[in-house]
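> One file: coords-v6.tsv (TSV, C-alpha atoms and all ligand atoms).
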```tsv
chain	number	residue	atom	x	y	z
T	4	MET	CA	24.42	-43.38	96.00
T	5	THR	CA	27.21	-43.44	93.43
T	6	THR	CA	26.78	-46.38	91.08
T	7	ILE	CA	28.60	-47.94	88.16
T	8	SER	CA	27.06	-46.35	85.08
T	9	ASP	CA	29.28	-47.78	82.34
T	10	ALA	CA	31.74	-50.62	81.84
T	11	LYS	CA	33.42	-51.11	78.51
T	12	VAL	CA	36.19	-53.21	77.04
T	13	LEU	CA	38.93	-51.52	75.00
T	14	ILE	CA	41.32	-53.46	72.79
T	15	THR	CA	44.43	-51.98	71.27
T	16	CYS	CA	47.83	-53.04	69.92
T	17	PRO	CA	50.45	-50.31	70.40
T	18	GLY	CA	53.31	-52.76	69.84
T	19	ARG	CA	51.44	-55.57	71.55
T	20	ASN	CA	47.81	-56.52	72.20
T	21	TYR	CA	46.25	-55.16	75.36
T	22	VAL	CA	42.71	-55.52	76.64
T	23	THR	CA	41.56	-52.88	79.13
T	24	LEU	CA	38.36	-52.59	81.12
T	25	LYS	CA	37.15	-49.06	81.77
T	26	ILE	CA	34.54	-48.51	84.46
T	27	THR	CA	32.73	-45.17	84.87
T	28	THR	CA	30.68	-44.12	87.89
T	29	SER	CA	27.47	-42.09	87.95
T	30	ASP	CA	29.46	-39.09	89.20
T	31	GLY	CA	31.93	-39.33	86.34
T	32	VAL	CA	34.95	-41.01	87.93
T	33	THR	CA	36.71	-43.57	85.73
T	34	GLY	CA	38.93	-46.52	86.61
T	35	ILE	CA	40.83	-48.97	84.42
T	36	GLY	CA	41.98	-52.57	84.81
T	37	ASP	CA	44.13	-54.84	82.64
T	38	ALA	CA	42.28	-57.79	81.07
T	39	THR	CA	45.08	-59.04	78.81
T	40	LEU	CA	45.69	-62.79	78.45
T	41	ASN	CA	48.45	-63.20	75.89
T	42	GLY	CA	47.32	-65.20	72.85
T	43	ARG	CA	43.77	-65.61	74.23
T	44	GLU	CA	42.84	-61.92	74.43
T	45	LEU	CA	39.37	-62.09	72.92
T	46	SER	CA	38.17	-64.77	75.32
T	47	VAL	CA	38.60	-62.40	78.27
T	48	ALA	CA	37.16	-59.51	76.24
T	49	SER	CA	34.04	-61.59	75.56
T	50	TYR	CA	33.81	-62.84	79.17
T	51	LEU	CA	33.75	-59.22	80.29
T	52	ARG	CA	31.61	-57.74	77.53
T	53	ASP	CA	29.04	-60.48	77.36
T	54	HIS	CA	28.87	-61.67	80.96
T	55	VAL	CA	30.39	-59.23	83.44
T	56	CYS	CA	29.87	-55.64	82.25
T	57	PRO	CA	26.05	-55.91	82.22
T	58	LEU	CA	26.12	-57.20	85.82
T	59	LEU	CA	28.23	-54.28	87.04
T	60	LEU	CA	25.78	-51.57	86.01
T	61	GLY	CA	24.01	-50.06	89.01
T	62	LYS	CA	26.37	-51.58	91.58
T	63	ASP	CA	28.12	-49.52	94.25
T	64	PRO	CA	31.76	-49.19	93.05
T	65	SER	CA	33.02	-48.74	96.61
T	66	CYS	CA	32.17	-52.38	97.50
T	67	ILE	CA	35.27	-53.93	95.93
T	68	GLU	CA	35.39	-57.18	97.90
T	69	ARG	CA	31.63	-57.67	97.64
T	70	ILE	CA	31.72	-57.26	93.85
T	71	TRP	CA	34.72	-59.62	93.72
T	72	GLN	CA	32.78	-62.30	95.61
T	73	TYR	CA	29.69	-61.69	93.48
T	74	LEU	CA	31.65	-62.29	90.28
T	75	TYR	CA	33.65	-65.24	91.66
T	76	LYS	CA	30.90	-67.11	93.49
T	77	GLY	CA	28.11	-65.85	91.28
T	78	ALA	CA	29.57	-67.37	88.12
T	79	TYR	CA	29.35	-70.85	89.69
T	80	TRP	CA	32.31	-71.82	87.40
T	81	ARG	CA	35.38	-70.82	89.36
T	82	ARG	CA	39.05	-70.05	88.79
T	83	GLY	CA	40.90	-70.46	85.49
T	84	PRO	CA	42.88	-67.82	83.59
T	85	VAL	CA	39.96	-66.32	81.68
T	86	THR	CA	37.66	-65.90	84.68
T	87	MET	CA	40.38	-64.68	87.02
T	88	THR	CA	41.83	-62.21	84.51
T	89	ALA	CA	38.35	-60.77	83.96
T	90	ILE	CA	37.72	-60.46	87.71
T	91	ALA	CA	41.19	-58.91	88.13
T	92	ALA	CA	40.35	-56.22	85.59
T	93	VAL	CA	37.19	-55.29	87.51
T	94	ASP	CA	39.04	-55.33	90.82
T	95	VAL	CA	41.88	-53.07	89.64
T	96	ALA	CA	39.47	-50.64	87.97
T	97	LEU	CA	37.54	-50.37	91.24
T	98	TRP	CA	40.72	-49.77	93.27
T	99	ASP	CA	41.64	-47.09	90.71
T	100	ILE	CA	38.25	-45.45	91.25
T	101	LYS	CA	38.51	-45.68	95.04
T	102	GLY	CA	41.93	-44.04	94.92
T	103	LYS	CA	40.68	-41.23	92.70
T	104	GLN	CA	37.68	-40.67	94.96
T	105	ALA	CA	39.94	-40.53	98.03
T	106	GLY	CA	42.57	-38.42	96.27
T	107	LEU	CA	45.19	-41.04	97.20
T	108	PRO	CA	47.48	-43.43	95.33
T	109	VAL	CA	46.32	-47.02	95.78
T	110	TYR	CA	49.35	-48.03	97.87
T	111	GLN	CA	48.16	-45.57	100.53
T	112	LEU	CA	44.80	-47.35	100.64
T	113	LEU	CA	46.67	-50.64	101.09
T	114	GLY	CA	48.35	-49.40	104.27
T	115	GLY	CA	51.05	-47.16	102.86
T	116	ALA	CA	54.62	-47.78	101.77
T	117	VAL	CA	56.70	-50.25	103.77
T	118	ARG	CA	59.76	-49.50	101.61
T	119	ASP	CA	61.12	-46.56	99.62
T	120	GLY	CA	60.94	-48.33	96.28
T	121	VAL	CA	60.43	-51.64	94.57
T	122	THR	CA	63.48	-53.64	93.43
T	123	VAL	CA	62.93	-54.72	89.85
T	124	TYR	CA	64.93	-57.05	87.67
T	125	GLY	CA	65.92	-56.17	84.15
T	126	GLN	CA	66.11	-58.63	81.30
T	127	ALA	CA	69.44	-59.59	79.75
T	128	SER	CA	69.74	-61.97	76.84
T	129	GLY	CA	72.19	-62.94	74.13
T	130	GLU	CA	72.55	-65.09	71.06
T	131	ASP	CA	75.92	-66.09	72.53
T	132	ILE	CA	77.91	-65.51	75.72
T	133	PRO	CA	79.65	-62.25	74.61
T	134	GLN	CA	76.29	-60.78	73.63
T	135	LEU	CA	74.78	-61.86	76.96
T	136	LEU	CA	77.68	-60.26	78.85
T	137	ASP	CA	77.20	-57.01	76.91
T	138	ASP	CA	73.56	-57.06	77.78
T	139	VAL	CA	74.12	-57.75	81.49
T	140	GLY	CA	76.59	-54.84	81.49
T	141	ARG	CA	74.04	-52.61	79.80
T	142	ILE	CA	71.39	-53.45	82.41
T	143	LEU	CA	73.76	-52.92	85.33
T	144	ASP	CA	74.92	-49.60	83.84
T	145	ARG	CA	71.32	-48.45	83.85
T	146	GLY	CA	71.27	-48.93	87.62
T	147	PHE	CA	69.41	-52.22	87.96
T	148	ARG	CA	70.27	-54.19	91.09
T	149	ALA	CA	68.92	-57.44	89.67
T	150	VAL	CA	69.23	-59.08	86.26
T	151	ARG	CA	67.58	-62.08	84.65
T	152	ALA	CA	70.03	-63.81	82.30
T	153	GLN	CA	68.86	-65.95	79.36
T	154	ALA	CA	71.15	-67.05	76.52
T	155	ALA	CA	70.71	-69.04	73.35
T	156	VAL	CA	71.81	-72.65	73.64
T	157	PRO	CA	74.21	-73.90	70.91
T	158	GLY	CA	72.45	-76.49	68.79
T	159	VAL	CA	68.96	-75.34	69.85
T	160	GLU	CA	67.34	-73.09	67.28
T	161	ARG	CA	65.34	-70.80	69.58
T	162	VAL	CA	65.02	-70.69	73.33
T	163	TYR	CA	62.68	-68.83	75.64
T	164	GLY	CA	63.92	-65.41	76.70
T	165	VAL	CA	66.16	-64.76	73.71
T	166	PRO	CA	63.89	-62.81	71.40
T	167	ASP	CA	64.36	-62.92	67.68
T	168	GLY	CA	66.15	-59.85	66.36
T	169	GLY	CA	66.04	-57.63	69.38
T	170	ARG	CA	65.89	-57.13	73.08
T	171	THR	CA	62.21	-56.41	73.35
T	172	GLY	CA	60.92	-59.53	75.07
T	173	GLU	CA	58.31	-60.15	72.38
T	174	GLN	CA	57.74	-63.87	71.87
T	175	ALA	CA	54.34	-63.98	70.20
T	176	GLY	CA	53.94	-63.91	66.43
T	177	GLY	CA	51.23	-63.71	63.80
T	178	GLY	CA	49.68	-66.68	62.02
T	179	ARG	CA	49.84	-70.12	63.58
T	180	PRO	CA	52.15	-70.52	66.58
T	181	SER	CA	55.76	-70.88	65.51
T	182	VAL	CA	57.41	-74.18	66.42
T	183	GLU	CA	60.63	-74.16	68.42
T	184	GLY	CA	62.82	-77.21	68.99
T	185	TRP	CA	63.99	-78.11	72.49
T	186	ASP	CA	66.92	-80.14	73.83
T	187	THR	CA	67.16	-80.53	77.59
T	188	GLY	CA	70.66	-82.02	77.59
T	189	ARG	CA	72.22	-79.13	75.71
T	190	TYR	CA	70.39	-76.64	77.93
T	191	LEU	CA	71.54	-78.27	81.19
T	192	ASN	CA	75.16	-78.23	80.03
T	193	TRP	CA	75.07	-74.64	78.82
T	194	VAL	CA	73.31	-72.65	81.57
T	195	PRO	CA	75.98	-73.18	84.29
T	196	ARG	CA	78.66	-72.18	81.76
T	197	TYR	CA	77.13	-68.84	80.99
T	198	MET	CA	76.13	-68.11	84.60
T	199	ALA	CA	79.77	-68.75	85.54
T	200	THR	CA	80.98	-66.18	83.02
T	201	VAL	CA	78.38	-63.65	84.20
T	202	ARG	CA	79.61	-63.97	87.80
T	203	GLN	CA	83.29	-63.94	86.69
T	204	GLU	CA	82.76	-60.77	84.69
T	205	PHE	CA	80.46	-58.82	87.02
T	206	GLY	CA	80.93	-60.37	90.47
T	207	HIS	CA	78.28	-60.98	93.11
T	208	GLY	CA	77.14	-57.42	93.81
T	209	PHE	CA	73.76	-57.82	92.15
T	210	HIS	CA	70.95	-60.38	92.07
T	211	LEU	CA	71.07	-62.93	89.26
T	212	LEU	CA	67.91	-64.71	88.10
T	213	HIS	CA	66.95	-67.25	85.46
T	214	ASP	CA	63.66	-68.48	83.98
T	215	VAL	CA	63.58	-72.19	83.10
T	216	HIS	CA	60.07	-71.72	81.70
T	217	HIS	CA	58.56	-75.04	82.81
T	218	ARG	CA	60.86	-77.25	80.70
T	219	LEU	CA	62.51	-79.73	83.05
T	220	THR	CA	61.58	-82.87	84.93
T	221	PRO	CA	61.97	-82.70	88.73
T	222	ILE	CA	65.28	-84.56	88.72
T	223	GLU	CA	66.63	-82.42	85.86
T	224	ALA	CA	65.58	-79.30	87.76
T	225	ALA	CA	67.33	-80.63	90.86
T	226	HIS	CA	70.48	-81.11	88.77
T	227	LEU	CA	70.24	-77.56	87.38
T	228	GLY	CA	69.71	-76.09	90.84
T	229	LYS	CA	72.79	-77.91	92.16
T	230	SER	CA	74.92	-76.90	89.21
T	231	LEU	CA	74.07	-73.23	89.80
T	232	GLU	CA	74.67	-73.13	93.56
T	233	LEU	CA	78.14	-71.60	93.27
T	234	PHE	CA	76.71	-68.64	91.35
T	235	ARG	CA	74.25	-67.90	94.16
T	236	MET	CA	71.17	-67.30	92.06
T	237	PHE	CA	68.39	-65.12	93.48
T	238	TRP	CA	66.03	-67.73	92.02
T	239	ILE	CA	65.41	-70.16	89.25
T	240	GLU	CA	61.88	-69.70	87.98
T	241	ASP	CA	59.34	-72.28	86.82
T	242	PRO	CA	61.80	-75.20	86.89
T	243	THR	CA	59.05	-77.74	86.10
T	244	PRO	CA	55.43	-77.52	84.92
T	245	ALA	CA	53.79	-76.65	88.23
T	246	GLU	CA	50.62	-78.68	87.87
T	247	ASP	CA	52.68	-81.37	89.61
T	248	GLN	CA	53.36	-79.57	92.87
T	249	GLU	CA	54.84	-82.53	94.71
T	250	ALA	CA	57.72	-82.29	92.21
T	251	PHE	CA	59.00	-79.26	94.10
T	252	ARG	CA	59.68	-81.40	97.15
T	253	LEU	CA	62.13	-83.49	95.16
T	254	ILE	CA	63.86	-80.42	93.69
T	255	ARG	CA	64.17	-78.87	97.13
T	256	GLN	CA	65.66	-81.98	98.70
T	257	HIS	CA	68.57	-81.71	96.29
T	258	THR	CA	69.41	-78.03	96.00
T	259	THR	CA	69.72	-74.78	97.93
T	260	THR	CA	69.07	-72.69	94.81
T	261	PRO	CA	65.90	-70.72	95.59
T	262	LEU	CA	62.76	-71.59	93.64
T	263	ALA	CA	60.13	-69.26	92.18
T	264	VAL	CA	56.87	-70.23	90.56
T	265	GLY	CA	53.35	-68.96	89.92
T	266	GLU	CA	53.01	-66.80	86.81
T	267	VAL	CA	50.44	-69.23	85.37
T	268	PHE	CA	48.56	-69.60	88.67
T	269	ASN	CA	45.18	-67.90	88.96
T	270	SER	CA	44.09	-68.28	92.56
T	271	ILE	CA	45.19	-68.79	96.13
T	272	TRP	CA	44.19	-72.44	95.76
T	273	ASP	CA	46.94	-72.95	93.17
T	274	CYS	CA	49.48	-71.51	95.61
T	275	GLN	CA	48.31	-73.01	98.90
T	276	TYR	CA	50.18	-76.31	98.85
T	277	LEU	CA	53.50	-74.94	97.61
T	278	ILE	CA	53.39	-72.18	100.22
T	279	THR	CA	52.19	-74.11	103.25
T	280	GLU	CA	54.61	-76.98	102.57
T	281	ARG	CA	57.41	-74.42	102.13
T	282	LEU	CA	58.33	-75.92	98.76
T	283	ILE	CA	59.11	-72.56	97.14
T	284	ASP	CA	60.82	-69.32	98.08
T	285	TYR	CA	58.98	-66.84	95.82
T	286	ILE	CA	55.39	-66.79	94.61
T	287	ARG	CA	55.10	-65.12	91.20
T	288	THR	CA	51.34	-64.65	90.79
T	289	SER	CA	50.43	-61.40	89.06
T	290	VAL	CA	47.74	-58.83	89.76
T	291	SER	CA	46.15	-59.32	86.37
T	292	HIS	CA	46.03	-63.12	86.15
T	293	ALA	CA	45.26	-63.91	89.77
T	294	GLY	CA	42.12	-62.00	90.57
T	295	GLY	CA	43.43	-58.48	91.02
T	296	ILE	CA	44.87	-56.52	93.91
T	297	SER	CA	42.36	-57.93	96.40
T	298	HIS	CA	43.14	-61.57	95.68
T	299	LEU	CA	46.90	-61.12	95.28
T	300	ARG	CA	46.99	-59.51	98.72
T	301	LYS	CA	45.39	-62.64	100.18
T	302	ILE	CA	47.95	-64.87	98.46
T	303	LEU	CA	50.78	-62.72	99.81
T	304	SER	CA	49.33	-62.69	103.32
T	305	LEU	CA	49.26	-66.49	103.29
T	306	ALA	CA	52.81	-66.52	101.92
T	307	GLU	CA	54.02	-64.17	104.66
T	308	LEU	CA	53.09	-66.73	107.31
T	309	TYR	CA	55.39	-69.29	105.69
T	310	GLY	CA	58.35	-67.06	104.87
T	311	VAL	CA	57.57	-67.06	101.15
T	312	ARG	CA	58.16	-63.75	99.41
T	313	SER	CA	56.54	-62.15	96.38
T	314	GLY	CA	58.13	-62.10	92.93
T	315	ALA	CA	55.38	-60.87	90.67
T	316	HIS	CA	55.31	-61.69	87.01
T	317	GLY	CA	55.83	-58.47	85.05
T	318	ALA	CA	56.25	-59.50	81.43
T	319	GLY	CA	55.50	-56.94	78.72
T	320	ASP	CA	52.31	-58.78	77.82
T	321	LEU	CA	50.85	-57.61	81.13
T	322	SER	CA	49.74	-54.08	80.34
T	323	PRO	CA	51.14	-50.95	82.00
T	324	VAL	CA	47.94	-50.91	84.07
T	325	SER	CA	48.70	-54.20	85.79
T	326	PHE	CA	52.38	-53.32	86.07
T	327	ALA	CA	51.46	-50.11	87.91
T	328	ALA	CA	49.00	-52.04	90.09
T	329	ALA	CA	51.78	-54.51	90.94
T	330	LEU	CA	54.03	-51.64	92.06
T	331	HIS	CA	51.33	-50.45	94.49
T	332	VAL	CA	51.10	-53.94	95.98
T	333	ASP	CA	54.89	-54.41	96.07
T	334	LEU	CA	55.34	-51.14	97.92
T	335	SER	CA	52.79	-52.03	100.58
T	336	VAL	CA	53.43	-55.69	101.51
T	337	GLN	CA	56.04	-56.71	104.06
T	338	ASN	CA	57.03	-59.93	102.27
T	339	PHE	CA	57.92	-58.35	98.94
T	340	GLY	CA	60.80	-60.17	97.26
T	341	MET	CA	61.35	-58.95	93.72
T	342	GLN	CA	59.35	-57.48	90.82
T	343	GLU	CA	59.88	-58.43	87.20
T	344	TYR	CA	60.21	-55.47	84.84
T	345	MET	CA	60.06	-56.18	81.15
T	346	GLU	CA	59.80	-52.80	79.54
T	347	HIS	CA	56.76	-52.31	77.32
T	348	LEU	CA	57.24	-51.93	73.60
T	349	PRO	CA	56.87	-48.53	72.01
T	350	PRO	CA	54.53	-46.94	71.13
T	351	TYR	CA	52.71	-48.17	74.26
T	352	GLN	CA	53.22	-44.74	75.81
T	353	ASP	CA	50.93	-43.16	73.19
T	354	VAL	CA	48.05	-45.05	74.83
T	355	PHE	CA	49.10	-45.60	78.45
T	356	LYS	CA	50.20	-42.47	80.33
T	357	THR	CA	52.10	-43.68	83.37
T	358	THR	CA	53.41	-42.00	86.51
T	359	TRP	CA	55.88	-44.66	87.69
T	360	THR	CA	59.54	-43.82	88.13
T	361	PHE	CA	62.78	-45.81	88.00
T	362	GLU	CA	65.80	-44.67	89.93
T	363	ASP	CA	68.85	-46.56	91.10
T	364	GLY	CA	67.21	-49.95	90.48
T	365	LEU	CA	64.06	-49.08	92.40
T	366	MET	CA	60.64	-48.27	91.00
T	367	HIS	CA	57.80	-46.27	92.52
T	368	PRO	CA	54.23	-46.10	91.23
T	369	GLY	CA	53.99	-42.32	91.78
T	370	ASP	CA	51.52	-40.39	93.92
T	371	ALA	CA	48.73	-39.65	91.47
T	372	PRO	CA	45.33	-40.66	92.88
T	373	GLY	CA	44.38	-44.23	91.93
T	374	ILE	CA	46.65	-46.59	89.99
T	375	GLY	CA	48.47	-43.77	88.19
T	376	VAL	CA	47.82	-44.80	84.60
T	377	GLU	CA	45.54	-42.96	82.18
T	378	TYR	CA	44.32	-44.54	78.95
T	379	ASP	CA	44.09	-42.42	75.78
T	380	GLU	CA	41.14	-43.90	73.87
T	381	GLU	CA	41.71	-41.81	70.77
T	382	ALA	CA	45.30	-42.97	70.47
T	383	ALA	CA	44.28	-46.57	71.24
T	384	ALA	CA	41.84	-46.55	68.33
T	385	ARG	CA	44.77	-46.09	65.94
T	386	PHE	CA	46.23	-49.53	66.85
T	387	ALA	CA	43.99	-52.35	65.65
T	388	TYR	CA	43.98	-55.75	67.37
T	389	ASP	CA	46.63	-57.99	65.80
T	390	PRO	CA	46.10	-61.70	66.57
T	391	LYS	CA	49.30	-63.38	67.78
T	392	TYR	CA	50.29	-66.63	69.43
T	393	LEU	CA	53.10	-67.72	71.70
T	394	PRO	CA	55.33	-70.44	70.18
T	395	VAL	CA	55.05	-74.14	70.89
T	396	ASN	CA	57.98	-76.42	71.63
T	397	THR	CA	58.75	-79.81	70.13
T	398	LEU	CA	61.45	-82.37	70.80
T	399	ALA	CA	63.63	-83.90	68.08
T	400	ASP	CA	61.01	-86.64	67.51
T	401	GLY	CA	58.28	-84.09	66.87
T	402	SER	CA	56.41	-84.62	70.15
T	403	VAL	CA	55.16	-81.51	71.92
T	404	HIS	CA	57.13	-80.30	74.93
T	405	ASP	CA	56.38	-77.54	77.46
T	406	TRP	CA	57.17	-74.07	76.13
W	1	LIG	O1	52.71	-64.56	77.84
W	1	LIG	C1	53.67	-65.39	78.41
W	1	LIG	C2	54.75	-64.54	79.04
W	1	LIG	O2	54.19	-63.67	79.98
W	1	LIG	C3	55.81	-65.38	79.72
W	1	LIG	O3	56.38	-66.24	78.77
W	1	LIG	C4	56.87	-64.47	80.31
W	1	LIG	O4	57.79	-66.28	81.55
W	1	LIG	C5	57.65	-65.08	81.39
W	1	LIG	C6	58.31	-64.17	82.33
W	1	LIG	O5	58.84	-64.67	83.32
W	1	LIG	O6	58.29	-62.97	82.10
W	2	MG	MG	58.48	-66.69	83.51
```
Take the structure in this file and express it as structure tokens.
Ligand code: KDG
Ligand code: MG


Amino acid sequence: MTTISDAKVLITCPGRNYVTLKITTSDGVTGIGDATLNGRELSVASYLRDHVCPLLLGKDPSCIERIWQYLYKGAYWRRGPVTMTAIAAVDVALWDIKGKQAGLPVYQLLGGAVRDGVTVYGQASGEDIPQLLDDVGRILDRGFRAVRAQAAVPGVERVYGVPDGGRTGEQAGGGRPSVEGWDTGRYLNWVPRYMATVRQEFGHGFHLLHDVHHRLTPIEAAHLGKSLELFRMFWIEDPTPAEDQEAFRLIRQHTTTPLAVGEVFNSIWDCQYLITERLIDYIRTSVSHAGGISHLRKILSLAELYGVRSGAHGAGDLSPVSFAAALHVDLSVQNFGMQEYMEHLPPYQDVFKTTWTFEDGLMHPGDAPGIGVEYDEEAAARFAYDPKYLPVNTLADGSVHDW
């Protein structure tokens, strides 16, 4: 019987910190999974190294669901971002191995492609409206059919989605977390103004998205949704902190702007209420933070019953391994909605050799056996781990607000 003969954790920082699990079988097949949890990387690395890798040795790598249940139920302590990111890394590595053993890309193992390609949204941002318009134009010129628009808010020093000094999407920094000020009133006044100019300038022939990043109260989110209705958003994302799921009922009663949530969810239990009560339109759980391909498929099957579509988180702090894994899932589920694409920072490609393609706004994971990403360990060793934190938000009185 083929068994798992090695499982090791690799940490590298080619532009950004990534934690990768590499599993090797007794007949020499390797598979990789993403174990990155932005700003808390070493906790997942330790969870894997100290508690999971030793348990994998000698197990049959073909039993993906059985190993998943063993790690989930066997830990006794369930769910949570650290546990579920670690289990996701094992799950994706095992799907990678299964694909390589079968000589098939993972999406074929998941039932095959139900679409020709995966619609991804690009990221547009600007320090002011002209810069945002330039950026939206740049994204559309590259062929994207969907654009997320985020602009700086006058009077607010830094806002989510408008990266300092560039268009890279990097938000984390070294040292202690930077502190950003927040002002809900200014934000609520400004967003409809810039969405109006985006639609005036570029029309309605593409999908327009926006990430609120958990910052509003339910009634403020309802107001924002209403004020954006004319611009026919594809979604507003994370309008409120989603621990309070009943809040979505209030938002929904007031607006027809579609709602997306879920990038900080880790399990189907976090999604169940919002899906079964039809309080959201898109569920944004990712492969790497919600238990891997196996668990994400269950979430999406539940969602399909209730007309909720997928909208997977695809920020650059999810490694190319989980991005590729997401493309395999997106290609193979009927209720796909949209995939986030935040391009990874160079020199990521020195370490992660990918096979995905982008053409005319659609992405495809490629047809290499497995996930379609190879990890260059020699190159990775050149980029030492570089501790970084996401910012925190405060209000004018110094109290901490959601970031
Ligand atoms: O690490 C946190 C990021 O992944 C998150 O801030 C990105 O909200 C995000 C998004 O929608 O991409
Ligand atoms: Mg988000």

> Would you write out, as CSV, a table of all residues in chain T that have an atom no more than 8 Å from an atom of ligand LIG 1 (chain W), listing for each the closest atom pair and the distance in Å to one decimal, considering all atoms listed in the file and ordering rows by chain and rising residue number?


```
residue,atom,partner,partner_atom,distance
T:Leu40,CA,W:LIG1,O1,7.3
T:Asn41,CA,W:LIG1,O1,4.9
T:Gly42,CA,W:LIG1,O1,7.4
T:Tyr163,CA,W:LIG1,O3,7.5
T:Gly164,CA,W:LIG1,C5,7.8
T:Gln174,CA,W:LIG1,O3,7.4
T:Ala175,CA,W:LIG1,O1,7.8
T:Asp214,CA,W:LIG1,O5,6.2
T:His216,CA,W:LIG1,O4,5.9
T:Glu240,CA,W:LIG1,O5,7.5
T:Glu266,CA,W:LIG1,O5,7.1
T:His316,CA,W:LIG1,O6,5.9
T:Gly317,CA,W:LIG1,O6,5.9
T:Ala318,CA,W:LIG1,O6,4.1
T:Gly319,CA,W:LIG1,O2,7.0
T:Asp320,CA,W:LIG1,O2,5.7
T:Leu321,CA,W:LIG1,O2,7.0
T:Glu343,CA,W:LIG1,O6,7.0
T:Met345,CA,W:LIG1,O6,7.1
T:Leu393,CA,W:LIG1,O1,6.9
```

> List as a list in words the protein and nucleic acid residues near segment 4-8 of chain T, meaning an atom at most 9 Å away when all atoms listed in the file are counted, but skip any in the same chain fewer than 4 places from it.

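So the residues in contact are Ile26, Thr27, Thr28, Ser29, Asp30, Gly31, Leu59, Leu60, Gly61, Lys62, Asp63, Pro64 and Ser65 of chain T.
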
> What separation in Å, quoted to one decimal, exists between atom CA of Leu136 of chain T and atom CA of Leu227 of chain T?

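So the two atoms, atom CA of Leu136 of chain T and atom CA of Leu227 of chain T, lie 20.7 Å apart.
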
> Could you list, as a ChimeraX atom specification, every residue within 12 Å of Trp272 of chain T, counting all atoms listed in the file and ignoring same-chain residues fewer than 6 positions away?

/T:81-83,246,248,265,278-279,288,293-294,298-299,301-302,305

> For the atom pair atom CA of Thr360 of chain T and atom CA of Asp241 of chain T, what is the interatomic distance in Å to one decimal place?

28.5 Å

> Pick out the closest residue to Gly375 of chain T from this set: T:His292, T:Lys76, T:His331, T:His207. Count all atoms listed in the file.

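With all atoms listed in the file as the atom set, the closest residue is T:His331.
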
> In terms of the shortest atom-to-atom distance over only C-alpha atoms and all ligand atoms, which of T:Gln275, T:Ser181, T:Ser46, T:Gln126 is closest to ligand MG 2 (chain W)?

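Looking only at the distances to ligand MG 2 (chain W), the closest residue turns out to be T:Gln126.
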
> Using all atoms of segment 313-328 of chain T listed in the file and a margin of 8 Å per side, can you give the axis-aligned box centre and edge lengths in Å to one decimal, as lines of an AutoDock Vina configuration file?


```
center_x = 53.0
center_y = -56.1
center_z = 87.1
size_x = 26.2
size_y = 28.0
size_z = 34.6
```

> Residues near Ala116 of chain T, anyone? I mean within 9 Å using only C-alpha atoms, not counting same-chain ones fewer than 2 positions away, as a list in words.

Tyr110, Gln111, Leu113, Gly114, Arg118, Asp119, Gly120, His331, Asp333, Leu334, Ser335 and Val336 of chain T

> What's around Ala38 of chain T at 9 Å? Count only C-alpha atoms, leave out sequence neighbours fewer than 2 positions away in its own chain, and write the answer as a count of residues only.

23

> To one decimal place in Å, what is the distance between atom CA of Arg312 of chain T and atom CA of Gln337 of chain T?

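Atom-to-atom, atom CA of Arg312 of chain T to atom CA of Gln337 of chain T, that is 8.7 Å.
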
> Which is closest to Val403 of chain T among T:Ile132, T:Met87, T:Val182, T:Leu58, if we use all atoms listed in the file?

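Using all atoms listed in the file, the shortest distance to Val403 of chain T belongs to T:Val182.
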
> From the set T:Gln352, T:Thr15, T:Thr243, T:Thr220, which residue has the shortest atom-to-atom contact distance to ligand MG 2 (chain W), counting only C-alpha atoms and all ligand atoms?

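Among the listed residues, the smallest separation from ligand MG 2 (chain W) belongs to T:Thr243.
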
> Tell me which protein, DNA and RNA residues are within 12 Å of Asn192 of chain T, counting all atoms listed in the file, leaving out same-chain ones fewer than 3 positions away, and put them as JSON, numbers by chain.

{"T": [156, 157, 158, 186, 187, 188, 189, 195, 196, 197, 198, 199, 223, 226, 227, 230, 231]}

> Using all atoms listed in the file, which of the listed residues (T:Ala245, T:Val332, T:Ile100, T:Val311) sits closest to ligand MG 2 (chain W)?

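The answer is T:Ala245, which sits nearest to ligand MG 2 (chain W).
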